Every structure is written in structure tokens, then in C-alpha cells.
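Asker: Would you mind keeping the following structure in view while I ask a few things?
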Amino acid sequence: MEILIKHNISPDIDFLKDLLSKWVENDEFTQTHFLRGVKSKNNFCTYEAYEEGRLVGLLTAWTSDFHPYCTYFSIATNPFLDNKVEALLLQSLYKTPGIRFPLQTLIWETSYRLKTFFEDNEFVVIRRTYMPMLRSSKIEINQVFADVLAAHELTIKNLNSIKDNELLKFELTSLVKENYSRTHSKNPVGELDLLKWEKLIFNDETNLKGSYIALKDNEIIAYSLLHFSETPNMFEFGWRGTRNYMDIRVMLMLTSLQVNFAAENGVDFIEAEIDSTDHFAIEMLKFFPFSSAPALLTFQKKC
């Protein structure tokens with residue numbers, strides 16, 4: 001059967017949402033990821049594939065102000081058709097005027113059809129992302145981290161207590177920016193000033209009372225952020241890190257304080273988003289008893 005590719009400059013969001021729910025069923029992440037691209041103010045293009053007048057495939061592409069050096073895209077197709085649909089949609093993206101390489105997409109590792117398709121088309125995996133959950137509980141800080149407390153004279157503060165301290169906010173923001181930029185070298189961050197980074201940390205999504213910094217000799221040596229979640233009875237772990245890799249145990253202690261904070265506030269679960277390129281998040285994954293979860297694969301093609 002012949003496949004016809006059309007460029008749609010004004011997709012019907014409700015129609016696409018309904019169609020995606022049929023194609024990917026209960027995979028809410030894939031639906032949300034695709035629709036986020038369609039609705040992005042930086043949407044670059046959306047292509048539709050038709051077979052005998054029936055919509056059988058979709059591709060949308062967009063750019064990001066935060067990571068401006070690549071083009072993001074997402075593909076969704078009728079699962080009972082062969083890869084010819086994906087191939088034609090991808091070829092249409094290649095031919096789009098002004099497209100910027102590298103191209104980057106995100107799929108579940110269990111999406112073997114797409115995984116094989118991207119590998120066959122010279123995409124490479126640059127990152128694995130885990131999204132497990134941790135049940136909150138009471139951790140005996142003095143016992144578990146006796147070595148940390150004995151080796152350091154630390155001052156622990158939550159972000160709510162420093163929101164008016166410009167010096168500490170500047171120090172924290174600079175450290176967060178440095179660590180995040182280092183872990184995203186294959187998809188660099190744009191040239192954002194520290195004020196914009198500060199707004200990413202100190203905003204309504206951040207639980208300031210459940211986010212912590214550790215100071216030694218009045219210098220921040222570790223931090224651990226916590227976010228509210230749209231899901232009831234849940235928090236989300238945010239950025240975390242240290243000034244020196246030797247202080248990983250301090251960061252883990254701050255994370256334990258967050259687990260206790262959740263338990264004390266009647267929140268049973270904390271979700272994490274852990275990139276394999278993020279040394280600090282991986283240390284957290286290794287230390288705490290997170291639930292098992294499939295990984296998301298970030299595929300990239302340079303040209």
C-alpha cells in the first residue's frame with residue numbers, strides 16, 4: 001500500500017490525544033512526550049502518514065530554549081504496520097528546511113520496534129533515564145551516617161531558610177549550573193544567566209522546606225532538591241550534587257532527610273528521574289531501595 005506524508009501546520013490536539021491513546025494504550029509518558037512537542041511554542045513541524053486515507057503515523061519536532069543545540073522529535077505509529085511508515089516520516093524530517101542536527105528522541109527501552117529502527121538508522125544511545133519510585137520511611141540519620149557526622153562539622157539548612165540570602169543563593173545556583181552542565185555535555189545547555197538558573201531552583205514547583213544544603217566553613221558542599229508532584233501522595237526528587245565527589249555521602253544524607261521529610265508529611269512515595277550521565281543521581285539510585293522500572297533511552301543522530 002502507498003503511504004502518503006502530509007505536513008500539518010495546525011494539528012487537532014484532541015484528535016491526536018485520542019489516536020495516541022489507541023496506539024500506545026496505557027503509556028502515558030509517550031502520549032505526554034509527543035503532545036508536549038506538538039504544543040511547544042518552538043514546534044518545528046508535524047508530519048502525518050496516511051494509508052488509503054487512514055492516519056497511520058505521526059512525527060512532530062521541536063526545539064528547546066534550555067537545550068537549544070539540537071532538534072527534538074517524537075514518532076508514533078499504528079503498531080500493526082511495518083517500519084516503512086517510520087522511515088518515510090523520518091525522511092520527511094531530514095528534508096525539512098532549517099532542520100538542526102543533532103536529532104534527538106526519547107523512547108522506552110521496551111519499545112523494541114522503535115529501538116531497532118533507530119539503531120538501523122544510525123542513531124546512538126547517549127543516555128539512559130530511570131524513573132523509579134522510593135517509598136518514604138524513617139531513616140535513623142545519626143546511625144546510618146555516623147561516619148559523615150564524625151568527619152564533618154556541618155550546618156544543614158533548607159532552601160526556605162535561605163531564600164532571602166543572596167550570597168548563599170548565588171553560591172547554590174552556580175554549583176547547580178556547573179554540575180548540570182557537566183552531565184549534559186552531549187546535549188549542551190544554552191547560555192542562560194544565573195538569574196534564570198536561580199528561578200529554576202527557587203520556584204513554586206520546588207518544595208523549599210524539603211530541599212536542603214550542607215555547609216562546611218560557610219561554604220556549600222552538597223545540595224539536594226525536592227519538588228511537589230501533580231500525582232497525589234507523591235514528591236519528586238530534584239537536582240542534587242556536591243562540590244567535591246568525595247562528599248557524596250553528605251549528599252546521600254541530605255537525600256535521607258528528604259525521605260524522612262516525606263514520611264513526616266504523610267507522603268508515601270518519592271519519584272526520581274535518574275540519568276545515567278548524572279554521577280550524583282546514580283549514586284542515589286545505588287544507595288536507596290528504589291522500585292524496579294524500565295529505562296528511557298535517549299537516541300541521538302549527529303548528521
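Residues in the C-alpha cells are named by chain (A, B, ... in the order shown) and by number from 1 within that chain; ligands are numbered from 1 in the order shown.
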Name the residues of region 33-158 of chain A that fall into alpha helix (DSSP H) according to DSSP on the backbone, using the chain letters and numbers of this document, as a PyMOL selection string.
Answerer: chain A and resi 33-39+84-94+112-120+141-144+146-151
Asker: Got a sec: who's within 12 Å of Tyr94 (chain A), counting only C-alpha atoms, leaving out chain neighbours fewer than 2 positions off, as a PyMOL selection string?
Answerer: chain A and resi 45+47+59+61+71+73+87-92+96-103+301-303
Asker: Fewer than 4 positions away in the same chain doesn't count, so skip those; otherwise give me all residues within 10 Å of Ser111 (chain A), counting only C-alpha atoms, as a list in words.
Answerer: Ile107, Lys115, Thr116, Leu296 and Leu297 of chain A
Asker: When DSSP works through the backbone of this structure, what residues of region 55-91 of chain A end up as strand (DSSP E), shown as a PyMOL selection string?
Answerer: chain A and resi 55-62+71-77
Asker: Identify which of the residues A:Leu93, A:Val124, A:Leu226, A:Ile3 lies closest to Arg54 (chain A), counting only C-alpha atoms when measuring atom-to-atom distances.
Answerer: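 Among the listed residues, the smallest separation from Arg54 (chain A) belongs to A:Ile3.
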Asker: Find the residues around Thr63 (chain A) up to 7 Å (only C-alpha atoms counted), leave out those fewer than 3 positions away in its own chain, and share them as number ranges by chain.
Answerer: A: 42-44, 68, 70-72
Asker: Can I get the selection written as a short mmCIF file (atom, residue, chain, number, x, y, z; two decimals), in the first residue's frame, with N, CA and C atoms?
Answerer:
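result.cif was written with the following content:
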```
data_model
loop_
_atom_site.label_atom_id
_atom_site.label_comp_id
_atom_site.auth_asym_id
_atom_site.auth_seq_id
_atom_site.Cartn_x
_atom_site.Cartn_y
_atom_site.Cartn_z
N ASN A 42 7.92 26.23 20.41
CA ASN A 42 9.03 26.08 19.48
C ASN A 42 8.82 24.89 18.54
N ASN A 43 7.55 24.48 18.34
CA ASN A 43 7.30 23.36 17.45
C ASN A 43 7.82 23.68 16.06
N PHE A 44 8.54 22.73 15.50
CA PHE A 44 9.21 22.94 14.22
C PHE A 44 8.37 22.43 13.05
N PRO A 68 19.30 24.33 23.36
CA PRO A 68 18.98 24.84 22.02
C PRO A 68 19.80 24.28 20.87
N CYS A 70 20.00 21.20 19.53
CA CYS A 70 19.54 20.00 18.82
C CYS A 70 18.07 20.18 18.48
N THR A 71 17.55 19.27 17.68
CA THR A 71 16.12 19.22 17.36
C THR A 71 15.54 17.97 17.99
N TYR A 72 14.55 18.15 18.84
CA TYR A 72 13.85 17.03 19.45
C TYR A 72 12.74 16.56 18.52
#
```
Asker: Excluding same-chain residues fewer than 4 positions from Glu48 (chain A), what lies within 8 Å of it counting only C-alpha atoms, as a list of chain:residue names?
Answerer: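 Contacts, in chain order: A:Ile5, A:Lys6, A:His7, A:Asn8, A:Leu55, A:Val56, A:Gly57, A:Leu58, A:Leu59, A:Leu89.
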Asker: When you look at Arg240 (chain A) with a cut-off of 9 Å (counting only C-alpha atoms), what residues show up, excluding the ones that are within fewer than 2 positions of it in the same chain? I need them as an NGL selection string.
Answerer: :A and (176 or 179 or 222-225 or 237-238 or 242 or 251 or 255 or 280-281)
Asker: How would the residues just picked look written out with C-alpha atoms as an mmCIF file, in the first residue's frame?
Answerer:
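Final output, saved to part_21.cif:
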```
data_model
loop_
_atom_site.group_PDB
_atom_site.id
_atom_site.type_symbol
_atom_site.label_atom_id
_atom_site.label_comp_id
_atom_site.auth_asym_id
_atom_site.auth_seq_id
_atom_site.Cartn_x
_atom_site.Cartn_y
_atom_site.Cartn_z
ATOM 1 C CA VAL A 176 23.862 23.567 40.343
ATOM 2 C CA ASN A 179 27.117 20.200 37.813
ATOM 3 C CA ALA A 222 26.263 19.475 48.928
ATOM 4 C CA TYR A 223 22.651 20.102 47.942
ATOM 5 C CA SER A 224 19.505 18.054 47.366
ATOM 6 C CA LEU A 225 16.289 19.477 45.892
ATOM 7 C CA PHE A 237 13.464 14.223 43.714
ATOM 8 C CA GLY A 238 15.164 17.164 42.014
ATOM 9 C CA THR A 242 28.328 18.122 45.652
ATOM 10 C CA MET A 251 24.567 14.354 49.559
ATOM 11 C CA THR A 255 18.538 12.801 50.467
ATOM 12 C CA PHE A 280 25.156 12.098 41.674
ATOM 13 C CA ALA A 281 21.750 10.675 40.747
#
```
Asker: Could you tell me how far CA of Leu134 (chain A) lies from CA of Glu28 (chain A), in Å and to one decimal?
Answerer: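 Pair CA of Leu134 (chain A) / CA of Glu28 (chain A) returns 20.1 Å.
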Asker: Rank A:Leu20, A:Leu114, A:Met133, A:Leu106 by their smallest atom-to-atom distance to Asp268 (chain A), using only C-alpha atoms, and report the top residue only.
Answerer: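 The shortest atom-to-atom distance to Asp268 (chain A) comes from A:Met133.
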Asker: For the atom pair CA of Thr105 (chain A) and CA of Lys41 (chain A), what is the interatomic distance in Å to one decimal place?
Answerer: 17.9 Å
Asker: Point out the residue among A:Lys216, A:Lys196, A:His279, A:Lys163 with the least atom-to-atom distance to Asp65 (chain A), counting only C-alpha atoms.
Answerer: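 Answer, going by the shortest atom-to-atom distance: A:Lys196.
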Asker: In terms of the shortest atom-to-atom distance over only C-alpha atoms, which of A:Ile156, A:Thr183, A:Phe228, A:Phe123 is closest to Glu205 (chain A)?
Answerer: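 Nearest to Glu205 (chain A): A:Phe228.
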Asker: Taking into account only C-alpha atoms, which residue in the set A:Ala293, A:Ile13, A:Leu257, A:Leu35 is nearest to Glu140 (chain A)?
Answerer: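 Once distances to Glu140 (chain A) are computed over only C-alpha atoms, the minimum belongs to A:Leu257.
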Asker: Env of region 21-24 of chain A: 7 Å cut, atoms = only C-alpha atoms, seq-sep filter 2 positions within chain, self excluded. Answer as a list in words.
Answerer: Lys17, Asp18, Leu19, Asn26, Asp27, Gln31, Thr77, Asn78 and Pro79 of chain A
Asker: Those same residues - N, CA, C and O atoms - I'd like them written as an mmCIF file, in the first residue's frame.
Answerer:
```cif
data_model
loop_
_atom_site.group_PDB
_atom_site.id
_atom_site.type_symbol
_atom_site.label_atom_id
_atom_site.label_comp_id
_atom_site.auth_asym_id
_atom_site.auth_seq_id
_atom_site.Cartn_x
_atom_site.Cartn_y
_atom_site.Cartn_z
ATOM 1 N N LYS A 17 -4.623 13.223 20.681
ATOM 2 C CA LYS A 17 -4.628 12.605 22.008
ATOM 3 C C LYS A 17 -5.428 11.310 21.994
ATOM 4 O O LYS A 17 -5.004 10.291 22.560
ATOM 5 N N ASP A 18 -6.578 11.340 21.343
ATOM 6 C CA ASP A 18 -7.422 10.149 21.265
ATOM 7 C C ASP A 18 -6.735 9.053 20.449
ATOM 8 O O ASP A 18 -6.751 7.871 20.827
ATOM 9 N N LEU A 19 -6.099 9.445 19.334
ATOM 10 C CA LEU A 19 -5.427 8.472 18.476
ATOM 11 C C LEU A 19 -4.230 7.842 19.192
ATOM 12 O O LEU A 19 -4.029 6.621 19.150
ATOM 13 N N ASN A 26 -1.868 2.396 27.506
ATOM 14 C CA ASN A 26 -1.694 2.995 28.834
ATOM 15 C C ASN A 26 -0.353 3.696 29.027
ATOM 16 O O ASN A 26 -0.006 4.062 30.153
ATOM 17 N N ASP A 27 0.409 3.856 27.958
ATOM 18 C CA ASP A 27 1.721 4.506 28.056
ATOM 19 C C ASP A 27 1.535 6.028 28.079
ATOM 20 O O ASP A 27 1.640 6.701 27.052
ATOM 21 N N GLN A 31 2.521 9.376 25.312
ATOM 22 C CA GLN A 31 1.478 10.313 24.882
ATOM 23 C C GLN A 31 1.847 11.743 25.264
ATOM 24 O O GLN A 31 1.781 12.668 24.446
ATOM 25 N N THR A 77 3.240 5.526 15.698
ATOM 26 C CA THR A 77 2.619 4.890 14.539
ATOM 27 C C THR A 77 1.668 3.788 14.973
ATOM 28 O O THR A 77 1.721 3.309 16.108
ATOM 29 N N ASN A 78 0.824 3.390 14.048
ATOM 30 C CA ASN A 78 -0.016 2.214 14.256
ATOM 31 C C ASN A 78 0.900 1.012 14.472
ATOM 32 O O ASN A 78 1.727 0.699 13.611
ATOM 33 N N PRO A 79 0.802 0.351 15.599
ATOM 34 C CA PRO A 79 1.765 -0.714 15.930
ATOM 35 C C PRO A 79 1.676 -1.953 15.042
ATOM 36 O O PRO A 79 2.575 -2.796 15.090
#
```
Asker: Taking only C-alpha atoms into account, name the residue in A:Tyr50, A:Phe299, A:Phe170, A:Phe15 that is nearest to Glu219 (chain A).
Answerer: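 Smallest distance to Glu219 (chain A) is found for A:Phe170.
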